[in-house]
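Structure data (mmCIF, C-alpha atoms) from structure01.cif:
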data_start
loop_
_atom_site.group_PDB
_atom_site.id
_atom_site.type_symbol
_atom_site.label_atom_id
_atom_site.label_comp_id
_atom_site.auth_asym_id
_atom_site.auth_seq_id
_atom_site.Cartn_x
_atom_site.Cartn_y
_atom_site.Cartn_z
ATOM 1 C CA GLY A 1 104.438 57.735 -55.816
ATOM 2 C CA ALA A 2 106.747 57.561 -52.853
ATOM 3 C CA GLY A 3 109.179 60.138 -54.176
ATOM 4 C CA VAL A 4 109.812 62.663 -56.915
ATOM 5 C CA SER A 5 110.312 60.910 -60.228
ATOM 6 C CA GLN A 6 112.265 62.428 -63.104
ATOM 7 C CA SER A 7 112.640 61.147 -66.644
ATOM 8 C CA PRO A 8 114.725 60.465 -68.528
ATOM 9 C CA SER A 9 117.612 59.916 -66.122
ATOM 10 C CA ASN A 10 120.091 60.604 -68.894
ATOM 11 C CA LYS A 11 119.672 62.432 -72.186
ATOM 12 C CA VAL A 12 122.227 63.008 -74.920
ATOM 13 C CA THR A 13 121.128 65.382 -77.646
ATOM 14 C CA GLU A 14 122.659 67.164 -80.578
ATOM 15 C CA LYS A 15 123.206 70.891 -80.469
ATOM 16 C CA GLY A 16 120.192 72.719 -81.862
ATOM 17 C CA LYS A 17 117.641 70.049 -80.985
ATOM 18 C CA ASP A 18 114.769 70.552 -78.527
ATOM 19 C CA VAL A 19 114.494 68.447 -75.366
ATOM 20 C CA GLU A 20 111.750 67.826 -72.814
ATOM 21 C CA LEU A 21 112.460 66.829 -69.235
ATOM 22 C CA ARG A 22 109.694 65.456 -67.050
ATOM 23 C CA CYS A 23 109.068 65.696 -63.309
ATOM 24 C CA ASP A 24 106.396 63.787 -61.429
ATOM 25 C CA PRO A 25 106.153 65.274 -57.913
ATOM 26 C CA ILE A 26 104.915 63.685 -54.729
ATOM 27 C CA SER A 27 101.129 63.476 -54.774
ATOM 28 C CA GLY A 28 99.586 66.394 -52.904
ATOM 29 C CA HIS A 29 102.691 68.592 -53.013
ATOM 30 C CA THR A 30 101.567 71.959 -54.298
ATOM 31 C CA ALA A 31 105.022 73.510 -54.702
ATOM 32 C CA LEU A 32 107.344 72.354 -57.497
ATOM 33 C CA TYR A 33 110.824 73.642 -58.295
ATOM 34 C CA TRP A 34 113.326 73.164 -61.088
ATOM 35 C CA TYR A 35 117.041 73.683 -60.426
ATOM 36 C CA ARG A 36 120.085 73.218 -62.623
ATOM 37 C CA GLN A 37 123.430 71.892 -61.417
ATOM 38 C CA SER A 38 126.344 72.459 -63.752
ATOM 39 C CA LEU A 39 129.744 70.796 -63.331
ATOM 40 C CA GLY A 40 131.550 72.425 -60.432
ATOM 41 C CA GLN A 41 128.669 74.782 -59.745
ATOM 42 C CA GLY A 42 126.052 74.984 -57.060
ATOM 43 C CA LEU A 43 122.379 74.529 -57.735
ATOM 44 C CA GLU A 44 120.869 77.323 -59.783
ATOM 45 C CA PHE A 45 117.148 78.081 -59.401
ATOM 46 C CA LEU A 46 115.190 77.982 -62.654
ATOM 47 C CA ILE A 47 111.437 78.116 -62.018
ATOM 48 C CA TYR A 48 108.834 77.607 -59.283
ATOM 49 C CA PHE A 49 105.177 76.544 -59.431
ATOM 50 C CA GLN A 50 102.710 76.947 -56.567
ATOM 51 C CA GLY A 51 99.182 75.690 -57.049
ATOM 52 C CA ASN A 52 97.289 77.789 -59.573
ATOM 53 C CA SER A 53 99.434 80.886 -59.053
ATOM 54 C CA ALA A 54 101.534 82.341 -61.851
ATOM 55 C CA PRO A 55 104.936 80.607 -61.832
ATOM 56 C CA ASP A 56 108.108 82.392 -60.750
ATOM 57 C CA LYS A 57 110.206 82.220 -63.918
ATOM 58 C CA SER A 58 112.910 84.575 -62.685
ATOM 59 C CA GLY A 59 115.656 81.941 -62.889
ATOM 60 C CA LEU A 60 115.187 80.834 -66.480
ATOM 61 C CA PRO A 61 118.470 81.720 -68.228
ATOM 62 C CA SER A 62 117.009 82.522 -71.658
ATOM 63 C CA ASP A 63 113.816 82.411 -73.682
ATOM 64 C CA ARG A 64 114.873 79.003 -74.979
ATOM 65 C CA PHE A 65 113.814 77.628 -71.609
ATOM 66 C CA SER A 66 110.170 77.137 -70.666
ATOM 67 C CA ALA A 67 108.221 74.978 -68.266
ATOM 68 C CA GLU A 68 104.652 74.063 -67.599
ATOM 69 C CA ARG A 69 102.788 72.181 -64.942
ATOM 70 C CA THR A 70 99.612 70.490 -66.027
ATOM 71 C CA GLY A 71 96.773 69.910 -63.591
ATOM 72 C CA GLY A 72 98.929 70.966 -60.665
ATOM 73 C CA SER A 73 100.919 67.751 -60.914
ATOM 74 C CA VAL A 74 103.407 66.696 -63.608
ATOM 75 C CA SER A 75 105.808 69.343 -64.885
ATOM 76 C CA THR A 76 107.760 69.491 -68.128
ATOM 77 C CA LEU A 77 110.868 71.618 -68.661
ATOM 78 C CA THR A 78 111.523 72.308 -72.331
ATOM 79 C CA ILE A 79 114.792 73.563 -73.750
ATOM 80 C CA GLN A 80 114.659 74.682 -77.371
ATOM 81 C CA ARG A 81 117.636 74.821 -79.722
ATOM 82 C CA THR A 82 119.942 73.308 -77.121
ATOM 83 C CA GLN A 83 123.464 74.667 -76.707
ATOM 84 C CA GLN A 84 126.522 72.988 -75.198
ATOM 85 C CA GLU A 85 126.332 75.258 -72.164
ATOM 86 C CA ASP A 86 122.931 73.722 -71.393
ATOM 87 C CA SER A 87 124.719 70.499 -70.409
ATOM 88 C CA ALA A 88 123.982 69.959 -66.711
ATOM 89 C CA VAL A 89 121.950 67.935 -64.260
ATOM 90 C CA TYR A 90 118.399 69.230 -64.049
ATOM 91 C CA LEU A 91 116.847 68.590 -60.640
ATOM 92 C CA CYS A 92 113.196 68.813 -59.726
ATOM 93 C CA ALA A 93 111.889 69.148 -56.172
ATOM 94 C CA SER A 94 108.462 69.340 -54.610
ATOM 95 C CA SER A 95 107.193 70.363 -51.201
ATOM 96 C CA LEU A 96 103.905 70.485 -49.340
ATOM 97 C CA VAL A 97 104.630 73.992 -48.072
ATOM 98 C CA GLN A 98 106.764 76.470 -49.996
ATOM 99 C CA GLY A 99 110.318 76.628 -48.773
ATOM 100 C CA TYR A 100 110.100 73.664 -46.390
ATOM 101 C CA GLY A 101 110.366 69.918 -46.632
ATOM 102 C CA TYR A 102 111.877 69.740 -50.062
ATOM 103 C CA THR A 103 112.003 66.297 -51.690
ATOM 104 C CA PHE A 104 114.334 66.140 -54.668
ATOM 105 C CA GLY A 105 114.270 63.774 -57.600
ATOM 106 C CA SER A 106 117.429 62.048 -58.833
ATOM 107 C CA GLY A 107 117.723 64.450 -61.746
ATOM 108 C CA THR A 108 118.115 64.284 -65.500
ATOM 109 C CA ARG A 109 121.686 64.470 -66.757
ATOM 110 C CA LEU A 110 121.582 66.382 -70.048
ATOM 111 C CA THR A 111 124.550 66.271 -72.398
ATOM 112 C CA VAL A 112 124.518 68.421 -75.514
ATOM 113 C CA VAL A 113 127.031 67.291 -78.141
ATOM 114 C CA LYS B 1 122.265 89.823 -54.017
ATOM 115 C CA GLN B 2 122.473 86.856 -51.667
ATOM 116 C CA GLU B 3 125.549 84.675 -52.130
ATOM 117 C CA VAL B 4 126.371 81.451 -50.299
ATOM 118 C CA THR B 5 129.922 80.174 -49.935
ATOM 119 C CA GLN B 6 131.104 76.848 -48.576
ATOM 120 C CA ILE B 7 134.591 76.116 -47.349
ATOM 121 C CA PRO B 8 136.417 73.845 -47.866
ATOM 122 C CA ALA B 9 135.420 72.614 -51.319
ATOM 123 C CA ALA B 10 136.734 69.157 -50.464
ATOM 124 C CA LEU B 11 137.753 67.383 -47.285
ATOM 125 C CA SER B 12 139.274 63.970 -46.587
ATOM 126 C CA VAL B 13 139.402 62.583 -43.054
ATOM 127 C CA PRO B 14 140.050 59.213 -41.410
ATOM 128 C CA GLU B 15 137.122 57.321 -39.987
ATOM 129 C CA GLY B 16 136.132 58.310 -36.467
ATOM 130 C CA GLU B 17 137.222 61.920 -36.700
ATOM 131 C CA ASN B 18 134.909 64.787 -35.768
ATOM 132 C CA LEU B 19 134.664 67.444 -38.456
ATOM 133 C CA VAL B 20 133.140 70.830 -39.234
ATOM 134 C CA LEU B 21 131.831 72.099 -42.554
ATOM 135 C CA ASN B 22 131.433 75.824 -43.015
ATOM 136 C CA CYS B 23 128.836 77.917 -44.810
ATOM 137 C CA SER B 24 128.660 81.694 -45.082
ATOM 138 C CA PHE B 25 126.034 83.965 -46.630
ATOM 139 C CA THR B 26 126.178 87.636 -47.495
ATOM 140 C CA ASP B 27 122.669 88.838 -46.526
ATOM 141 C CA SER B 28 121.363 88.094 -43.039
ATOM 142 C CA ALA B 29 117.733 88.535 -44.142
ATOM 143 C CA ILE B 30 116.821 84.873 -44.337
ATOM 144 C CA TYR B 31 113.847 82.764 -43.294
ATOM 145 C CA ASN B 32 115.891 79.636 -42.741
ATOM 146 C CA LEU B 33 119.035 77.739 -43.628
ATOM 147 C CA GLN B 34 119.134 74.104 -44.672
ATOM 148 C CA TRP B 35 121.854 71.508 -44.998
ATOM 149 C CA PHE B 36 121.497 68.832 -47.667
ATOM 150 C CA ARG B 37 123.456 65.738 -48.583
ATOM 151 C CA GLN B 38 124.008 64.661 -52.202
ATOM 152 C CA ASP B 39 125.346 61.249 -53.150
ATOM 153 C CA PRO B 40 126.876 60.759 -56.631
ATOM 154 C CA GLY B 41 124.195 60.522 -59.303
ATOM 155 C CA LYS B 42 121.441 61.162 -56.795
ATOM 156 C CA GLY B 43 119.198 63.996 -55.769
ATOM 157 C CA LEU B 44 119.502 65.923 -52.541
ATOM 158 C CA THR B 45 118.451 64.663 -49.121
ATOM 159 C CA SER B 46 117.508 67.210 -46.485
ATOM 160 C CA LEU B 47 119.539 66.806 -43.282
ATOM 161 C CA LEU B 48 118.724 69.752 -41.040
ATOM 162 C CA LEU B 49 116.696 72.949 -41.255
ATOM 163 C CA ILE B 50 117.365 75.889 -38.936
ATOM 164 C CA GLN B 51 114.786 78.653 -38.703
ATOM 165 C CA SER B 52 116.146 82.200 -38.583
ATOM 166 C CA SER B 53 115.126 82.474 -34.922
ATOM 167 C CA GLN B 54 117.008 79.319 -33.939
ATOM 168 C CA ARG B 55 120.671 78.846 -33.060
ATOM 169 C CA GLU B 56 121.099 75.148 -33.777
ATOM 170 C CA GLN B 57 119.488 71.873 -34.731
ATOM 171 C CA THR B 58 120.618 68.324 -34.008
ATOM 172 C CA SER B 59 119.907 65.005 -35.657
ATOM 173 C CA GLY B 60 121.876 61.985 -34.505
ATOM 174 C CA ARG B 61 125.579 62.630 -35.107
ATOM 175 C CA LEU B 62 124.835 65.873 -36.957
ATOM 176 C CA ASN B 63 124.622 69.314 -35.393
ATOM 177 C CA ALA B 64 124.057 72.486 -37.371
ATOM 178 C CA SER B 65 124.493 75.957 -35.936
ATOM 179 C CA LEU B 66 123.375 79.325 -37.244
ATOM 180 C CA ASP B 67 124.727 82.793 -36.481
ATOM 181 C CA LYS B 68 122.484 84.939 -38.632
ATOM 182 C CA SER B 69 124.029 88.259 -37.711
ATOM 183 C CA SER B 70 127.480 87.178 -38.868
ATOM 184 C CA GLY B 71 126.157 85.216 -41.841
ATOM 185 C CA ARG B 72 127.602 81.876 -40.820
ATOM 186 C CA SER B 73 126.509 78.311 -40.303
ATOM 187 C CA THR B 74 128.449 75.179 -39.451
ATOM 188 C CA LEU B 75 127.618 71.511 -39.822
ATOM 189 C CA TYR B 76 129.344 69.366 -37.220
ATOM 190 C CA ILE B 77 129.635 65.639 -37.901
ATOM 191 C CA ALA B 78 130.664 63.523 -34.929
ATOM 192 C CA ALA B 79 132.528 60.227 -35.190
ATOM 193 C CA SER B 80 132.585 60.247 -38.984
ATOM 194 C CA GLN B 81 131.954 57.022 -40.899
ATOM 195 C CA PRO B 82 132.725 55.985 -44.503
ATOM 196 C CA GLY B 83 128.987 56.126 -45.166
ATOM 197 C CA ASP B 84 129.115 59.874 -44.504
ATOM 198 C CA SER B 85 131.120 60.320 -47.713
ATOM 199 C CA ALA B 86 129.044 62.622 -49.939
ATOM 200 C CA THR B 87 128.708 66.242 -50.994
ATOM 201 C CA TYR B 88 127.140 68.504 -48.374
ATOM 202 C CA LEU B 89 125.222 71.553 -49.568
ATOM 203 C CA CYS B 90 124.122 74.557 -47.598
ATOM 204 C CA ALA B 91 121.142 76.628 -48.770
ATOM 205 C CA VAL B 92 119.380 79.741 -47.490
ATOM 206 C CA ARG B 93 115.829 80.886 -48.120
ATOM 207 C CA PRO B 94 116.005 84.681 -48.583
ATOM 208 C CA ALA B 95 113.483 86.862 -46.765
ATOM 209 C CA LYS B 96 113.743 89.783 -49.171
ATOM 210 C CA GLY B 97 112.283 90.610 -52.520
ATOM 211 C CA GLY B 98 110.549 88.186 -54.822
ATOM 212 C CA SER B 99 112.462 85.238 -53.465
ATOM 213 C CA SER B 100 110.633 85.507 -50.162
ATOM 214 C CA ASN B 101 107.351 84.675 -51.861
ATOM 215 C CA THR B 102 108.504 81.576 -53.654
ATOM 216 C CA GLY B 103 110.462 79.488 -51.195
ATOM 217 C CA LYS B 104 113.379 79.649 -53.621
ATOM 218 C CA LEU B 105 116.660 78.498 -52.081
ATOM 219 C CA ILE B 106 120.129 79.908 -52.758
ATOM 220 C CA PHE B 107 122.730 77.147 -52.638
ATOM 221 C CA GLY B 108 126.431 77.064 -51.966
ATOM 222 C CA GLN B 109 128.680 75.013 -54.192
ATOM 223 C CA GLY B 110 129.068 72.276 -51.624
ATOM 224 C CA THR B 111 131.801 70.499 -49.699
ATOM 225 C CA THR B 112 132.741 67.035 -50.922
ATOM 226 C CA LEU B 113 133.607 64.845 -47.959
ATOM 227 C CA GLN B 114 135.549 61.601 -48.095
ATOM 228 C CA VAL B 115 135.819 59.495 -44.946
ATOM 229 C CA LYS B 116 138.515 56.861 -45.258
ATOM 230 C CA PRO B 117 138.146 53.510 -43.458
#
Represent the structure contained in this file as structure tokens.
Amino acid sequence: GAGVSQSPSNKVTEKGKDVELRCDPISGHTALYWYRQSLGQGLEFLIYFQGNSAPDKSGLPSDRFSAERTGGSVSTLTIQRTQQEDSAVYLCASSLVQGYGYTFGSGTRLTVV
Amino acid sequence: KQEVTQIPAALSVPEGENLVLNCSFTDSAIYNLQWFRQDPGKGLTSLLLIQSSQREQTSGRLNASLDKSSGRSTLYIAASQPGDSATYLCAVRPAKGGSSNTGKLIFGQGTTLQVKP
């Protein structure tokens, strides 16, 4: 597609439920990033994928968070047993070269009630 | 640990005014610094990227400067317009440690700009 697509755009879930957030990057972009933006906070790095290399998971806040990228394209961020503090906007970005030319999606707004 | 700070957190100016947004970072070991714009409910749009070896970059009415040694960057917006109203985010790409191998960016919390007609 022309841009980075994220779905759903909004998600309301009950505390304790699992959620899956999807990111469809720009075709051909080998680098894919997930960031989290909480109310009043800056963007917080979560995880990075580059081609077939092992992902950089250093930003994942707990073992309830995981992500995968299938076939070097679509990525799914999974949050298990959601907590209220997980409420945030989850942004995905892709780039052709790591660290340059980021294109961000519009994000998924997650609300845990 | 690299930290990025943006001042002010919010700014309101009348249309036509020139303005400066500030960004500071604690570790001068960076590959580059980027300025992004975020509109409500939207993702981020890249505005300007300054490599660590550069002093400034310009795009239209926008000019970004970088003083790596002092850990500062400014975004200058000339002749502001209501359409410039948005949140402006500064981000650095660290050149140290694991971050340097991933292209991970460290973001400030942003400055929310309102330009009044």
| request: Could you expand the PyMOL selection byres ((chain B) within 8 of (chain A)) into the explicit residues it covers here, written as a PyMOL selection string? | output: chain B and resi 41-46+93+102-110
| message | Assuming the chain letters and numbering stay as they are in my file, what does the PyMOL selection byres ((chain B and resi 35) around 6) actually select? List them as a PyMOL selection string. | response | chain B and resi 34+36+47-48+89-90
| request: Name all residues at most 6 Å from region 25-31 of chain B (count all atoms listed in the file; drop same-chain ones fewer than 4 positions away) and give them as a list in words. | output: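 Residues near the query, excluding close chain neighbours: Gln2, Glu3, Val4, Ser52, Lys68, Ser69, Gly71, Arg93, Pro94 and Ala95 of chain B.
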| query | In Å to one decimal, how far is CA of Pro40 (chain B) from CA of Ser75 (chain A)? | reply |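 Those two atoms sit 24.2 Å apart.
Relative to CA of Arg37 (chain B), CA of Gln57 (chain B) is found at 15.7 Å.
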| Close residues, Ser59 (chain B) itself excluded, 12 Å, only C-alpha atoms, min 3 positions apart in chain, as a list in words | Trp35, Ser46, Leu47, Leu48, Leu49, Ile50, Glu56, Leu62, Asn63, Ala64, Ser65, Leu75, Tyr76, Ile77 and Ala78 of chain B
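Interatomic distance, CA of Lys116 (chain B) against CA of Asn18 (chain B): 12.9 Å.
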Once 4 Å is added on each side, what are the centre and the three edge lengths, in Å to one decimal, of the axis-aligned box enclosing the listed atoms of region 26-45 of chain A? Present them as AutoDock Vina command-line options.
--center_x 115.6 --center_y 70.8 --center_z -58.3 --size_x 40.0 --size_y 22.6 --size_z 18.8
| said: When the PyMOL selection byres ((chain A and resi 63) around 12) is applied to the structure above, which residues does it catch, written out as a PyMOL selection string? | reply: chain A and resi 46+57-62+64-67+78-82
| Neighbours of Gly71 (chain A) within 12 Å (only C-alpha atoms; same-chain residues fewer than 2 positions away dropped), as a PyMOL selection string? | chain A and resi 24-25+27-28+30+49-52+68-69+73-76
